[in-house]
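Engineer: I am sharing structure36.tsv, which consists of TSV, C-alpha atoms:
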chain	number	residue	atom	x	y	z
A	180	MET	CA	-9.20	-49.09	14.45
A	181	THR	CA	-11.21	-52.21	13.63
A	182	SER	CA	-13.03	-54.33	16.20
A	183	ASP	CA	-10.29	-57.00	16.12
A	184	GLY	CA	-7.58	-54.47	16.91
A	185	TYR	CA	-6.12	-53.76	13.45
A	186	GLN	CA	-5.32	-50.26	12.27
A	187	VAL	CA	-6.71	-49.54	8.80
A	188	VAL	CA	-4.33	-47.45	6.73
A	189	ASN	CA	-5.29	-45.95	3.40
A	190	VAL	CA	-2.22	-46.46	1.18
A	191	ARG	CA	-3.74	-44.97	-1.94
A	192	GLY	CA	-1.16	-42.61	-3.39
A	193	PHE	CA	1.51	-43.89	-0.98
A	194	PRO	CA	4.82	-42.79	-2.54
A	195	GLY	CA	6.91	-45.58	-1.01
A	196	LEU	CA	9.28	-45.37	1.91
A	197	GLY	CA	12.08	-43.94	-0.22
A	198	HIS	CA	10.05	-40.97	-1.34
A	199	TYR	CA	9.00	-39.62	2.00
A	200	THR	CA	9.51	-35.91	2.33
A	201	ARG	CA	9.14	-33.98	5.52
A	202	PRO	CA	6.16	-31.64	5.63
A	203	THR	CA	7.06	-28.05	4.84
A	204	VAL	CA	7.53	-26.00	7.97
A	205	PRO	CA	5.33	-22.92	7.86
A	206	ALA	CA	7.19	-19.62	7.89
A	207	ALA	CA	7.69	-18.24	11.38
A	208	TYR	CA	6.42	-14.85	10.33
A	209	ALA	CA	3.73	-13.86	7.86
A	210	PRO	CA	3.68	-10.36	6.35
A	211	ARG	CA	1.26	-8.08	8.14
A	212	LEU	CA	-0.53	-4.88	7.28
A	213	GLY	CA	1.84	-1.99	7.84
A	214	ASP	CA	5.08	-3.98	7.56
A	215	GLN	CA	5.70	-2.21	4.29
A	216	VAL	CA	4.13	0.64	2.41
A	217	ASP	CA	0.95	-0.84	0.96
A	218	LEU	CA	-1.50	0.22	-1.71
A	219	VAL	CA	-5.28	0.57	-1.37
A	220	ILE	CA	-7.13	0.91	-4.67
A	221	VAL	CA	-10.73	1.32	-5.78
A	222	ALA	CA	-12.23	1.98	-9.20
A	223	ALA	CA	-15.65	2.58	-10.72
A	224	ALA	CA	-17.05	2.69	-14.22
A	225	GLU	CA	-18.17	5.87	-15.90
A	226	ALA	CA	-21.82	6.66	-15.27
A	227	GLY	CA	-24.18	6.85	-18.23
A	228	GLN	CA	-22.26	4.49	-20.54
A	229	THR	CA	-23.86	1.43	-22.10
A	230	THR	CA	-20.67	-0.64	-21.79
A	231	ALA	CA	-18.64	-0.46	-18.59
A	232	CYS	CA	-15.48	1.55	-19.12
A	233	PHE	CA	-13.08	2.99	-16.60
A	234	GLY	CA	-14.50	6.13	-15.01
A	235	LEU	CA	-12.51	7.08	-11.93
A	236	GLY	CA	-10.29	5.40	-9.40
A	237	ALA	CA	-8.59	6.36	-6.18
A	238	PHE	CA	-5.63	5.06	-4.26
A	239	TYR	CA	-3.92	5.41	-0.92
A	240	GLU	CA	-0.33	4.51	-0.21
A	241	ILE	CA	-0.44	3.50	3.42
A	242	ALA	CA	1.85	2.36	6.19
A	243	GLY	CA	-0.66	0.73	8.51
A	244	PRO	CA	-2.92	3.53	9.74
A	245	SER	CA	-0.78	6.30	8.20
A	246	VAL	CA	-1.68	7.63	4.77
A	247	VAL	CA	1.60	8.39	3.01
A	248	CYS	CA	0.04	9.76	-0.16
A	249	ALA	CA	-3.26	9.66	-1.98
A	250	GLY	CA	-4.45	10.14	-5.52
A	251	ILE	CA	-7.35	10.11	-7.93
A	252	VAL	CA	-6.94	8.07	-11.12
A	253	VAL	CA	-8.60	9.46	-14.22
A	254	PRO	CA	-8.97	8.05	-17.76
A	255	ASP	CA	-6.19	8.85	-20.23
A	256	ASP	CA	-8.51	10.61	-22.67
A	257	LEU	CA	-10.23	12.85	-20.13
A	258	GLY	CA	-11.33	16.25	-21.41
A	259	HIS	CA	-9.78	19.48	-20.20
A	260	ASP	CA	-12.93	20.64	-18.36
A	261	GLU	CA	-13.41	17.37	-16.45
A	262	LEU	CA	-9.73	17.30	-15.54
A	263	GLY	CA	-10.00	20.86	-14.29
A	264	ALA	CA	-13.05	20.00	-12.17
A	265	ILE	CA	-11.28	17.03	-10.59
A	266	GLY	CA	-8.12	19.12	-10.05
A	267	ALA	CA	-10.21	21.80	-8.34
A	268	TRP	CA	-11.81	19.18	-6.10
A	269	ALA	CA	-8.35	17.78	-5.22
A	270	LYS	CA	-7.12	21.28	-4.36
A	271	ALA	CA	-10.15	22.04	-2.20
A	272	HIS	CA	-10.09	18.78	-0.23
A	273	PRO	CA	-6.61	18.19	1.15
A	274	LEU	CA	-5.93	15.14	3.23
A	275	ASP	CA	-4.53	15.06	6.75
A	276	GLY	CA	-1.27	13.22	6.04
A	277	LEU	CA	2.06	12.54	7.70
A	278	LYS	CA	3.58	15.81	6.52
A	279	GLY	CA	0.53	17.87	7.34
A	280	SER	CA	-2.02	18.78	4.72
A	281	VAL	CA	-1.52	16.55	1.67
A	282	ARG	CA	-3.08	17.29	-1.68
A	283	TRP	CA	-4.64	14.46	-3.68
A	284	SER	CA	-2.54	13.86	-6.76
A	285	VAL	CA	-4.41	13.40	-10.03
A	286	LEU	CA	-2.89	10.67	-12.22
A	287	THR	CA	-3.96	9.22	-15.51
A	288	LEU	CA	-4.58	5.50	-15.76
A	289	SER	CA	-1.37	4.99	-17.75
A	290	ASP	CA	0.67	6.92	-15.18
A	291	PHE	CA	-0.78	4.97	-12.28
A	292	TYR	CA	-0.10	1.58	-13.89
A	293	ASP	CA	3.13	2.66	-15.57
A	294	PRO	CA	5.21	-0.57	-15.63
A	295	ARG	CA	8.45	1.24	-14.81
A	296	SER	CA	7.70	3.72	-12.06
A	297	GLY	CA	3.97	4.02	-11.47
A	298	PRO	CA	2.58	3.82	-7.94
A	299	PHE	CA	1.08	0.41	-8.65
A	300	VAL	CA	4.30	-1.27	-9.75
A	301	ARG	CA	6.29	0.55	-7.08
A	302	ARG	CA	4.13	-0.81	-4.27
A	303	ALA	CA	2.54	-4.04	-5.50
A	304	TYR	CA	5.35	-5.52	-7.63
A	305	SER	CA	8.75	-3.97	-6.89
A	306	GLY	CA	7.87	-2.97	-3.35
A	307	ALA	CA	6.13	-6.24	-2.49
A	308	GLY	CA	3.56	-4.52	-0.30
A	309	TRP	CA	-0.07	-5.51	0.01
A	310	CYS	CA	-2.44	-4.41	-2.72
A	311	ILE	CA	-5.81	-4.05	-1.03
A	312	GLY	CA	-9.13	-3.35	-2.70
A	313	ALA	CA	-12.80	-4.13	-2.81
A	314	ASP	CA	-13.87	-6.35	-5.71
A	315	LEU	CA	-10.34	-6.36	-7.16
A	316	GLY	CA	-11.42	-8.26	-10.26
A	317	ARG	CA	-13.61	-5.33	-11.25
A	318	VAL	CA	-10.88	-2.83	-10.38
A	319	PHE	CA	-8.31	-4.49	-12.65
A	320	GLY	CA	-10.89	-5.47	-15.26
A	321	LEU	CA	-11.91	-1.82	-15.69
A	322	ALA	CA	-8.30	-0.65	-15.85
A	323	ALA	CA	-7.00	-3.41	-18.12
A	324	GLU	CA	-5.85	-2.79	-21.65
A	325	HIS	CA	-6.75	-6.37	-22.54
A	326	VAL	CA	-8.48	-9.23	-20.72
A	327	GLY	CA	-8.22	-12.71	-22.17
A	328	ALA	CA	-9.78	-15.97	-21.07
A	329	ARG	CA	-7.31	-18.68	-20.17
A	330	ASN	CA	-7.86	-22.25	-21.37
A	331	ARG	CA	-7.50	-25.95	-20.51
A	332	ALA	CA	-6.76	-26.45	-16.82
A	333	ASN	CA	-7.06	-22.72	-16.21
A	334	ALA	CA	-10.35	-22.31	-18.08
A	335	ASP	CA	-12.06	-20.48	-15.26
A	336	SER	CA	-9.52	-17.72	-14.93
A	337	PHE	CA	-8.54	-14.61	-16.84
A	338	GLU	CA	-5.28	-13.11	-18.01
A	339	VAL	CA	-5.23	-9.35	-17.50
A	340	TRP	CA	-2.81	-6.94	-19.18
A	341	LEU	CA	-2.60	-3.64	-17.41
A	342	PRO	CA	-2.01	-0.47	-19.45
A	343	GLY	CA	1.51	-0.53	-20.86
A	344	TRP	CA	2.35	-4.02	-19.59
A	345	GLY	CA	1.56	-5.99	-22.76
A	346	LYS	CA	1.13	-5.66	-26.50
A	347	GLN	CA	-0.69	-7.62	-29.14
A	348	HIS	CA	1.50	-9.55	-31.55
A	349	ALA	CA	0.85	-10.32	-35.18
A	350	ARG	CA	-1.10	-13.56	-34.61
A	351	GLY	CA	-3.29	-12.02	-31.94
A	352	ARG	CA	-1.49	-13.19	-28.80
A	353	TRP	CA	-0.72	-10.71	-26.06
A	354	LYS	CA	2.85	-10.74	-24.77
A	355	ARG	CA	4.94	-8.84	-22.27
A	356	VAL	CA	6.39	-5.49	-23.28
A	357	SER	CA	9.18	-5.91	-20.76
A	358	PRO	CA	10.47	-9.37	-19.82
A	359	ASN	CA	10.34	-8.25	-16.19
A	360	ARG	CA	6.68	-7.27	-16.05
A	361	PRO	CA	4.23	-10.18	-16.17
A	362	SER	CA	0.53	-10.26	-16.89
A	363	MET	CA	-1.91	-10.68	-14.04
A	364	ARG	CA	-4.13	-13.67	-13.45
A	365	MET	CA	-7.55	-13.49	-11.91
A	366	SER	CA	-10.03	-16.10	-10.87
A	367	SER	CA	-13.20	-15.64	-8.90
A	368	ARG	CA	-13.47	-17.13	-5.46
A	369	ARG	CA	-16.65	-17.98	-3.62
A	370	VAL	CA	-16.65	-14.34	-2.58
A	371	GLY	CA	-14.14	-11.90	-4.01
A	372	TRP	CA	-11.22	-12.60	-6.29
A	373	HIS	CA	-7.92	-14.42	-6.33
A	374	ILE	CA	-5.38	-12.23	-8.09
A	375	SER	CA	-1.73	-12.96	-8.77
A	376	PHE	CA	1.04	-11.90	-11.07
A	377	GLY	CA	1.85	-14.42	-13.79
A	378	PRO	CA	5.32	-15.81	-14.42
A	379	CYS	CA	8.12	-14.21	-16.40
A	380	ALA	CA	10.22	-16.29	-18.77
A	381	ASN	CA	13.90	-17.23	-18.43
A	382	GLY	CA	14.38	-16.17	-14.84
A	383	ALA	CA	13.29	-12.59	-15.44
A	384	GLY	CA	10.89	-10.79	-13.15
A	385	LYS	CA	10.92	-10.61	-9.42
A	386	TYR	CA	11.83	-13.47	-7.11
A	387	VAL	CA	11.32	-13.60	-3.36
A	388	LYS	CA	13.13	-16.33	-1.41
A	389	GLY	CA	13.72	-18.29	-4.60
A	390	SER	CA	10.12	-18.20	-5.78
A	391	LEU	CA	8.47	-16.01	-8.38
A	392	TRP	CA	6.74	-13.07	-6.78
A	393	ARG	CA	3.01	-13.61	-7.26
A	394	GLY	CA	1.94	-10.44	-5.51
A	395	ALA	CA	0.11	-9.90	-2.24
A	396	PHE	CA	-3.43	-9.03	-3.27
A	397	LEU	CA	-6.15	-8.80	-0.70
A	398	ASP	CA	-9.80	-8.46	-1.60
A	399	VAL	CA	-11.71	-7.06	1.37
A	400	LEU	CA	-14.84	-8.94	0.26
A	401	THR	CA	-12.99	-12.22	0.77
A	402	VAL	CA	-11.67	-11.08	4.14
A	403	ALA	CA	-15.15	-9.95	5.22
A	404	TYR	CA	-16.68	-13.26	4.11
A	405	ALA	CA	-14.03	-15.17	6.05
A	406	LEU	CA	-14.99	-13.24	9.17
A	407	ASP	CA	-18.79	-13.08	9.00
A	408	ALA	CA	-19.61	-15.99	6.63
A	409	ASP	CA	-22.34	-13.93	4.98
A	410	ARG	CA	-21.99	-15.00	1.37
A	411	GLY	CA	-24.55	-12.74	-0.24
A	412	ALA	CA	-23.83	-9.60	1.77
A	413	THR	CA	-22.86	-6.37	0.12
A	414	LEU	CA	-19.84	-4.49	1.39
A	415	PRO	CA	-21.88	-2.11	3.63
A	416	GLU	CA	-23.60	-5.16	5.14
A	417	HIS	CA	-20.22	-6.74	5.85
A	418	TYR	CA	-19.13	-3.44	7.38
A	419	ALA	CA	-22.19	-3.37	9.60
A	420	SER	CA	-21.65	-6.92	10.83
A	421	LEU	CA	-18.03	-6.10	11.65
A	422	GLY	CA	-18.85	-2.82	13.36
A	423	VAL	CA	-17.30	-0.48	10.79
A	424	ALA	CA	-19.07	2.66	9.59
A	425	ALA	CA	-20.62	1.64	6.28
A	426	THR	CA	-19.66	3.30	3.02
A	427	ASP	CA	-20.58	1.67	-0.25
A	428	ILE	CA	-18.17	1.37	-3.15
A	429	PRO	CA	-19.98	2.93	-6.13
A	430	LEU	CA	-20.21	0.85	-9.29
A	431	THR	CA	-20.48	3.90	-11.54
A	432	VAL	CA	-19.50	7.50	-10.92
A	433	PRO	CA	-19.73	10.73	-12.91
A	434	VAL	CA	-16.31	11.82	-14.12
A	435	ASP	CA	-16.17	15.12	-12.25
A	436	GLY	CA	-15.49	16.52	-8.79
A	437	HIS	CA	-18.53	14.75	-7.32
A	438	GLY	CA	-17.27	11.41	-8.64
A	439	ALA	CA	-13.81	12.13	-7.24
A	440	ALA	CA	-15.37	12.75	-3.82
A	441	GLN	CA	-17.20	9.41	-4.05
A	442	MET	CA	-14.00	7.57	-4.92
A	443	ALA	CA	-12.09	9.31	-2.13
A	444	ALA	CA	-14.75	8.18	0.36
A	445	ALA	CA	-14.60	4.65	-1.05
A	446	VAL	CA	-10.82	4.29	-0.75
A	447	ASP	CA	-10.97	5.67	2.78
A	448	ALA	CA	-13.69	3.13	3.65
A	449	VAL	CA	-11.56	0.23	2.41
A	450	HIS	CA	-8.60	1.53	4.43
A	451	ARG	CA	-10.73	1.89	7.57
A	452	PHE	CA	-12.12	-1.59	7.07
A	453	MET	CA	-8.64	-3.11	6.83
A	454	LEU	CA	-7.60	-1.29	9.98
A	455	ALA	CA	-10.67	-2.61	11.78
A	456	VAL	CA	-9.89	-6.15	10.68
A	457	TYR	CA	-6.23	-5.75	11.56
A	458	GLY	CA	-7.12	-4.32	14.95
A	459	SER	CA	-9.43	-7.25	15.71
A	460	ALA	CA	-6.94	-9.86	14.49
A	461	PRO	CA	-4.94	-11.68	17.16
A	462	SER	CA	-1.37	-10.42	17.34
B	125	MET	CA	18.83	0.68	23.91
B	126	THR	CA	15.21	0.65	25.05
B	127	SER	CA	13.40	-2.65	25.55
B	128	SER	CA	10.88	-2.30	22.72
B	129	CYS	CA	10.53	-0.77	19.26
B	130	THR	CA	8.99	2.70	19.51
B	131	LEU	CA	6.61	1.94	16.63
B	132	CYS	CA	5.57	-1.69	17.04
B	133	GLY	CA	6.82	-2.98	20.37
B	134	ALA	CA	9.12	-5.66	18.90
B	135	THR	CA	12.74	-6.08	19.98
B	136	PRO	CA	14.66	-3.02	18.78
B	137	VAL	CA	17.87	-3.57	16.86
B	138	VAL	CA	18.76	-0.19	15.37
B	139	GLY	CA	18.83	3.44	16.41
B	140	HIS	CA	16.79	5.59	14.03
B	141	HIS	CA	18.22	9.11	13.78
B	142	LEU	CA	15.09	11.20	13.62
B	143	THR	CA	16.59	14.06	11.63
B	144	GLY	CA	18.99	12.03	9.47
B	145	ARG	CA	22.02	13.32	7.58
B	146	PRO	CA	22.39	16.11	5.02
B	147	SER	CA	24.02	13.73	2.50
B	148	PRO	CA	24.83	10.00	2.46
B	149	ASN	CA	28.22	10.01	4.18
B	150	ALA	CA	27.94	13.22	6.16
B	151	ALA	CA	27.63	13.41	9.93
B	152	TYR	CA	24.17	13.18	11.46
B	153	LEU	CA	22.39	16.51	11.87
B	154	ASP	CA	21.37	15.66	15.44
B	155	PRO	CA	23.51	12.74	16.55
B	156	ASP	CA	21.82	12.59	19.94
B	157	LEU	CA	18.28	12.51	18.64
B	158	VAL	CA	17.85	8.76	18.21
B	159	THR	CA	14.99	6.36	18.85
B	160	ASP	CA	15.28	2.59	19.01
B	161	ILE	CA	13.22	0.65	16.50
B	162	CYS	CA	13.22	-2.81	14.93
B	163	GLN	CA	14.75	-3.49	11.52
B	164	ARG	CA	11.38	-3.91	9.76
B	165	CYS	CA	10.10	-0.57	11.07
B	166	HIS	CA	13.41	1.11	10.23
B	167	ASP	CA	13.28	-0.06	6.60
B	168	ARG	CA	9.67	1.03	6.27
B	169	GLU	CA	10.25	4.44	7.88
B	170	HIS	CA	12.93	5.24	5.31
B	171	VAL	CA	10.61	4.15	2.48
B	172	ILE	CA	8.02	6.57	3.88
B	173	LEU	CA	10.59	9.38	4.19
B	174	ARG	CA	11.65	8.84	0.57
B	175	GLN	CA	8.01	8.89	-0.53
B	176	LEU	CA	7.42	12.12	1.39
B	177	ASP	CA	10.59	13.58	-0.12
B	178	VAL	CA	12.15	14.31	3.27
B	179	GLU	CA	14.83	11.62	3.25
B	180	TRP	CA	17.43	14.24	2.33
B	181	PRO	CA	17.26	18.01	2.87
B	182	GLN	CA	16.62	20.06	-0.25
B	183	ALA	CA	19.08	22.92	0.17
B	184	SER	CA	21.00	24.64	2.90
B	185	ASP	CA	19.70	27.89	4.33
B	186	ALA	CA	20.71	30.30	7.10
B	187	THR	CA	19.51	27.91	9.79
B	188	PRO	CA	21.16	24.57	9.04
B	189	TYR	CA	18.32	22.42	7.69
B	190	LEU	CA	16.07	23.50	10.55
B	191	ALA	CA	12.76	23.14	8.70
B	192	HIS	CA	13.83	19.75	7.35
B	193	ARG	CA	14.79	18.51	10.81
B	194	LEU	CA	11.53	19.69	12.36
B	195	VAL	CA	9.48	18.09	9.59
B	196	ARG	CA	11.29	14.77	10.12
B	197	VAL	CA	10.57	14.87	13.85
B	198	ALA	CA	6.94	15.83	13.14
B	199	VAL	CA	6.55	12.92	10.69
B	200	PHE	CA	7.89	10.48	13.26
B	201	ALA	CA	5.61	11.90	15.98
B	202	ARG	CA	2.64	11.45	13.64
B	203	ARG	CA	3.70	7.88	12.91
B	204	CYS	CA	3.71	7.15	16.64
B	205	SER	CA	0.27	8.71	16.93
B	206	ASP	CA	-1.08	6.68	14.00
B	207	GLN	CA	0.35	3.49	15.49
B	208	GLU	CA	-1.21	4.46	18.84
B	209	ARG	CA	2.22	4.26	20.48
B	210	PRO	CA	3.72	6.84	22.85
B	211	PHE	CA	6.37	9.12	21.37
B	212	VAL	CA	9.15	8.11	23.76
B	213	VAL	CA	12.76	9.29	23.71
B	214	ASP	CA	15.42	8.46	26.26
B	215	GLY	CA	17.38	11.04	28.24
B	216	ARG	CA	20.08	11.64	25.63
B	217	SER	CA	17.54	11.96	22.82
B	218	ALA	CA	15.42	14.30	24.93
B	219	LEU	CA	18.49	16.52	25.17
B	220	GLY	CA	18.83	16.39	21.38
B	221	LEU	CA	15.16	17.32	20.99
B	222	HIS	CA	15.62	20.12	23.51
B	223	ARG	CA	18.51	21.56	21.45
B	224	LEU	CA	16.53	21.31	18.23
B	225	LEU	CA	13.48	23.07	19.69
B	226	LEU	CA	15.62	25.82	21.20
B	227	GLU	CA	17.30	26.31	17.83
B	228	ALA	CA	13.85	26.59	16.22
B	229	CYS	CA	12.72	29.10	18.88
B	230	GLU	CA	15.83	31.17	18.26
B	231	ALA	CA	15.27	31.13	14.51
B	232	LEU	CA	11.62	32.11	14.96
B	233	ALA	CA	12.56	34.96	17.30
B	234	THR	CA	15.20	36.20	14.87
B	235	SER	CA	12.77	36.12	11.94
B	236	ALA	CA	10.10	37.87	14.06
B	237	ILE	CA	12.58	40.64	14.97
B	238	GLY	CA	13.60	40.90	11.32
B	239	SER	CA	9.98	41.25	10.20
B	240	VAL	CA	9.29	43.95	12.84
B	241	ARG	CA	12.31	45.94	11.66
Do you think you could lay out the structure here as structure tokens?
Structural biologist:
Amino acid sequence: MTSDGYQVVNVRGFPGLGHYTRPTVPAAYAPRLGDQVDLVIVAAAEAGQTTACFGLGAFYEIAGPSVVCAGIVVPDDLGHDELGAIGAWAKAHPLDGLKGSVRWSVLTLSDFYDPRSGPFVRRAYSGAGWCIGADLGRVFGLAAEHVGARNRANADSFEVWLPGWGKQHARGRWKRVSPNRPSMRMSSRRVGWHISFGPCANGAGKYVKGSLWRGAFLDVLTVAYALDADRGATLPEHYASLGVAATDIPLTVPVDGHGAAQMAAAVDAVHRFMLAVYGSAPS
Amino acid sequence: MTSSCTLCGATPVVGHHLTGRPSPNAAYLDPDLVTDICQRCHDREHVILRQLDVEWPQASDATPYLAHRLVRVAVFARRCSDQERPFVVDGRSALGLHRLLLEACEALATSAIGSVR
């Protein structure tokens, strides 16, 4: 309002009276943790390697606080002895699950990300549940068969092809193996990562309420930063500030029973953290 | 129908038969053993049962699906515990639970007698 009583209106970008559209009404209900069966994933590189390559991973399939099943993800080319050591660890450390004592399943990377029936696609794409992890860009970057930089307007993001989801064509481009399984797109946020599924061509792929399903990925680093505003904090520091028992997510692990134990602790820590956040969130 | 979903406290819309059916169009194993839950929880519970491989019984035995029925009730009780909700059943369902537990006791006693002999 000016001193002489006029209202100053900024008409820059004004679409004209005929082009007015009502603001979109927000959905009355937003999906919450535990509405569906969700996936919690962690991964670490193999210790003692000069270039980071996938070492071990772990996952929980959860329904809120309940752990429906759990597993350790191992590289496809793992030796017989290492696989035996991890299998022995899984047998010796059962989990207290819904059906009593649940054994950790041991899956190869290709089985876990199998585009038809793997746990990842079953929960994060077909099942439309949350996919929760710490530093998800690293998790998918370690697991990916191919990571390509995107260009032009998307220059700061990456296109990630999970094992079995894409193949390289004659002129070097990576394309979908199945028309219904897209690549993934990642871009870094101030803290954590923004992850989404890419589009599928010609109406293929999954649609939810008329829109392409982009996935429901949740990086706990981003959530923690939103809550404590500590930009440079590590995950245990975020945990401490939010009152959760701190467990670090290892960057590298040995590919044996000890490494499997570390990954199991890490996936449990991420699950506990999400429960703590969910419990403190207003209902 | 009770006033709130057993698992989340929302308005209940369906009765969840805790022990289910032996096959898709068969009669319920324990028709009285029902708890009221909301549609979202009902959908999710059946996803969990499928994942745990207890949606359908594996094979018939001398006691009609007794282990399967008990496991299903146990899974639901654990879900209530995880959700920090009381495991509440109304009078009719309590009767169904009573029958199921008595049947289990009888089967246990029979197997104990058999093992002694």
Engineer: List every protein, DNA or RNA residue that has an atom no more than 6 Å from (20.5, 15.0, 19.3) in the file's coordinate frame, counting only C-alpha atoms, and report them as a ChimeraX atom specification.
Structural biologist: /B:154-157,217,220
Engineer: Using only C-alpha atoms, which residues sit within 10 Å of Ile265 of chain A once same-chain residues fewer than 2 positions away are excluded, as a ChimeraX atom specification?
Structural biologist: /A:251-253,260-263,267-271,283,285,434-440
Engineer: Nearest to Gln207 of chain B: which of A:Gly389, A:Gly184, A:Gly213, A:Gly320 is it, counting only C-alpha atoms?
Structural biologist: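 Between A:Gly389, A:Gly184, A:Gly213, A:Gly320, the residue approaching Gln207 of chain B most closely is A:Gly213.
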Engineer: With all atoms listed in the file as the basis for distance, which of B:Arg216, B:Arg209, B:Ala198, B:Ile172 is at the shortest distance from Ile241 of chain A?
Structural biologist: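 Ranking B:Arg216, B:Arg209, B:Ala198, B:Ile172 by distance to Ile241 of chain A, first place goes to B:Ile172.
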Engineer: Which one is closest to chain A: B:Ala231, B:Tyr189, B:Gly133, B:Pro148? Count all atoms listed in the file.
Structural biologist: B:Gly133
Engineer: Set out as JSON lines a contact list for chain B and chain A with a cut-off of 10 Å, giving each residue of chain B that qualifies its closest atom pair and distance in Å to one decimal, counting all atoms listed in the file, ordered by chain and rising residue number.
Structural biologist:
{"residue": "B:Cys132", "atom": "CA", "partner": "A:Asp214", "partner_atom": "CA", "distance": 9.8}
{"residue": "B:Arg164", "atom": "CA", "partner": "A:Asp214", "partner_atom": "CA", "distance": 6.7}
{"residue": "B:Cys165", "atom": "CA", "partner": "A:Asp214", "partner_atom": "CA", "distance": 7.0}
{"residue": "B:Asp167", "atom": "CA", "partner": "A:Gln215", "partner_atom": "CA", "distance": 8.2}
{"residue": "B:Arg168", "atom": "CA", "partner": "A:Gln215", "partner_atom": "CA", "distance": 5.5}
{"residue": "B:Glu169", "atom": "CA", "partner": "A:Ala242", "partner_atom": "CA", "distance": 8.8}
{"residue": "B:Val171", "atom": "CA", "partner": "A:Val216", "partner_atom": "CA", "distance": 7.4}
{"residue": "B:Ile172", "atom": "CA", "partner": "A:Val247", "partner_atom": "CA", "distance": 6.7}
{"residue": "B:Leu173", "atom": "CA", "partner": "A:Val247", "partner_atom": "CA", "distance": 9.1}
{"residue": "B:Gln175", "atom": "CA", "partner": "A:Val247", "partner_atom": "CA", "distance": 7.3}
{"residue": "B:Leu176", "atom": "CA", "partner": "A:Val247", "partner_atom": "CA", "distance": 7.1}
{"residue": "B:Asp177", "atom": "CA", "partner": "A:Lys278", "partner_atom": "CA", "distance": 9.9}
{"residue": "B:Val178", "atom": "CA", "partner": "A:Lys278", "partner_atom": "CA", "distance": 9.3}
{"residue": "B:Val195", "atom": "CA", "partner": "A:Lys278", "partner_atom": "CA", "distance": 7.0}
{"residue": "B:Arg196", "atom": "CA", "partner": "A:Lys278", "partner_atom": "CA", "distance": 8.6}
{"residue": "B:Ala198", "atom": "CA", "partner": "A:Lys278", "partner_atom": "CA", "distance": 7.4}
{"residue": "B:Val199", "atom": "CA", "partner": "A:Leu277", "partner_atom": "CA", "distance": 5.4}
{"residue": "B:Phe200", "atom": "CA", "partner": "A:Leu277", "partner_atom": "CA", "distance": 8.3}
{"residue": "B:Ala201", "atom": "CA", "partner": "A:Leu277", "partner_atom": "CA", "distance": 9.0}
{"residue": "B:Arg202", "atom": "CA", "partner": "A:Leu277", "partner_atom": "CA", "distance": 6.1}
{"residue": "B:Arg203", "atom": "CA", "partner": "A:Ser245", "partner_atom": "CA", "distance": 6.7}
{"residue": "B:Cys204", "atom": "CA", "partner": "A:Ser245", "partner_atom": "CA", "distance": 9.6}
{"residue": "B:Ser205", "atom": "CA", "partner": "A:Ser245", "partner_atom": "CA", "distance": 9.1}
{"residue": "B:Asp206", "atom": "CA", "partner": "A:Pro244", "partner_atom": "CA", "distance": 5.6}
{"residue": "B:Gln207", "atom": "CA", "partner": "A:Pro244", "partner_atom": "CA", "distance": 6.6}
{"residue": "B:Glu208", "atom": "CA", "partner": "A:Pro244", "partner_atom": "CA", "distance": 9.3}
Engineer: Give me the residues within 6 Å of Ala226 of chain A as JSON, numbers by chain, counting all atoms listed in the file and dropping any in the same chain fewer than 5 places off.
Structural biologist: {"A": [431, 432, 433]}
Engineer: Draw an axis-aligned box tight on the listed atoms of segment 194-201 of chain B, then pad every side by 8 Å and write out centre and edge lengths in Å to one decimal as AutoDock Vina command-line options.
Structural biologist:
--center_x 8.6 --center_y 15.1 --center_z 12.8 --size_x 21.9 --size_y 25.2 --size_z 22.4
Engineer: Using only C-alpha atoms, which protein or nucleic acid residues come within 10 Å of Ala425 of chain A? Drop anything in the same chain fewer than 5 positions from it, and give the result as number ranges by chain.
Structural biologist: A: 414-420, 445, 448-449, 451-452
Engineer: Please measure the separation of atom CA of Gly371 of chain A and atom CA of Leu397 of chain A, giving the value in Å to one decimal.
Structural biologist: 9.2 Å
Engineer: Report the distance between atom CA of Gly327 of chain A and atom CA of Leu257 of chain A in Å, rounded to one decimal place.
Structural biologist: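 Result for atom CA of Gly327 of chain A versus atom CA of Leu257 of chain A: 25.7 Å, one decimal.
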Engineer: Atom CA of Glu225 of chain A and atom CA of Ala403 of chain A, how far apart in Å?
Structural biologist: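 Spanning atom CA of Ala403 of chain A to atom CA of Glu225 of chain A is a straight-line distance of 26.6 Å.
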Engineer: Please identify all polymer residues within 9 Å of segment 134-138 of chain B, counting only C-alpha atoms, omitting same-chain residues fewer than 4 positions from it, and present them as an NGL selection string.
Structural biologist: :B and (125-130 or 159-163 or 166)
Engineer: Choose the residue, out of B:Arg174, B:Trp180, B:Pro188, B:Leu131, that has the smallest atom-to-atom separation from Asn149 of chain B; count all atoms listed in the file.
Structural biologist: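 Selected residue with least distance to Asn149 of chain B: B:Trp180.
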Engineer: Which one of A:Val356, A:Ala322, A:Ala207, A:Ala395 sits closest to Ser305 of chain A if you count all atoms listed in the file?
Structural biologist: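 Looking only at the distances to Ser305 of chain A, the closest residue turns out to be A:Ala395.
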Engineer: Do a neighbour search on Tyr239 of chain A at 9 Å with only C-alpha atoms, toss out local chain neighbours closer than 3 positions, and write the hits as a list in words.
Structural biologist: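 Contacts, with the query itself left out: Asp217, Leu218, Val219, Ile220, Val246, Val247, Cys248, Ala249, Gly250, Val446, Asp447 and His450 of chain A.
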Engineer: Go ahead and find all residues with at least one atom no further than 12 Å from (19.2, 25.1, 18.3) in the file's coordinates, using only C-alpha atoms; report them as an NGL selection string.
Structural biologist: :B and (153-154 or 187-191 or 193-194 or 219-233)
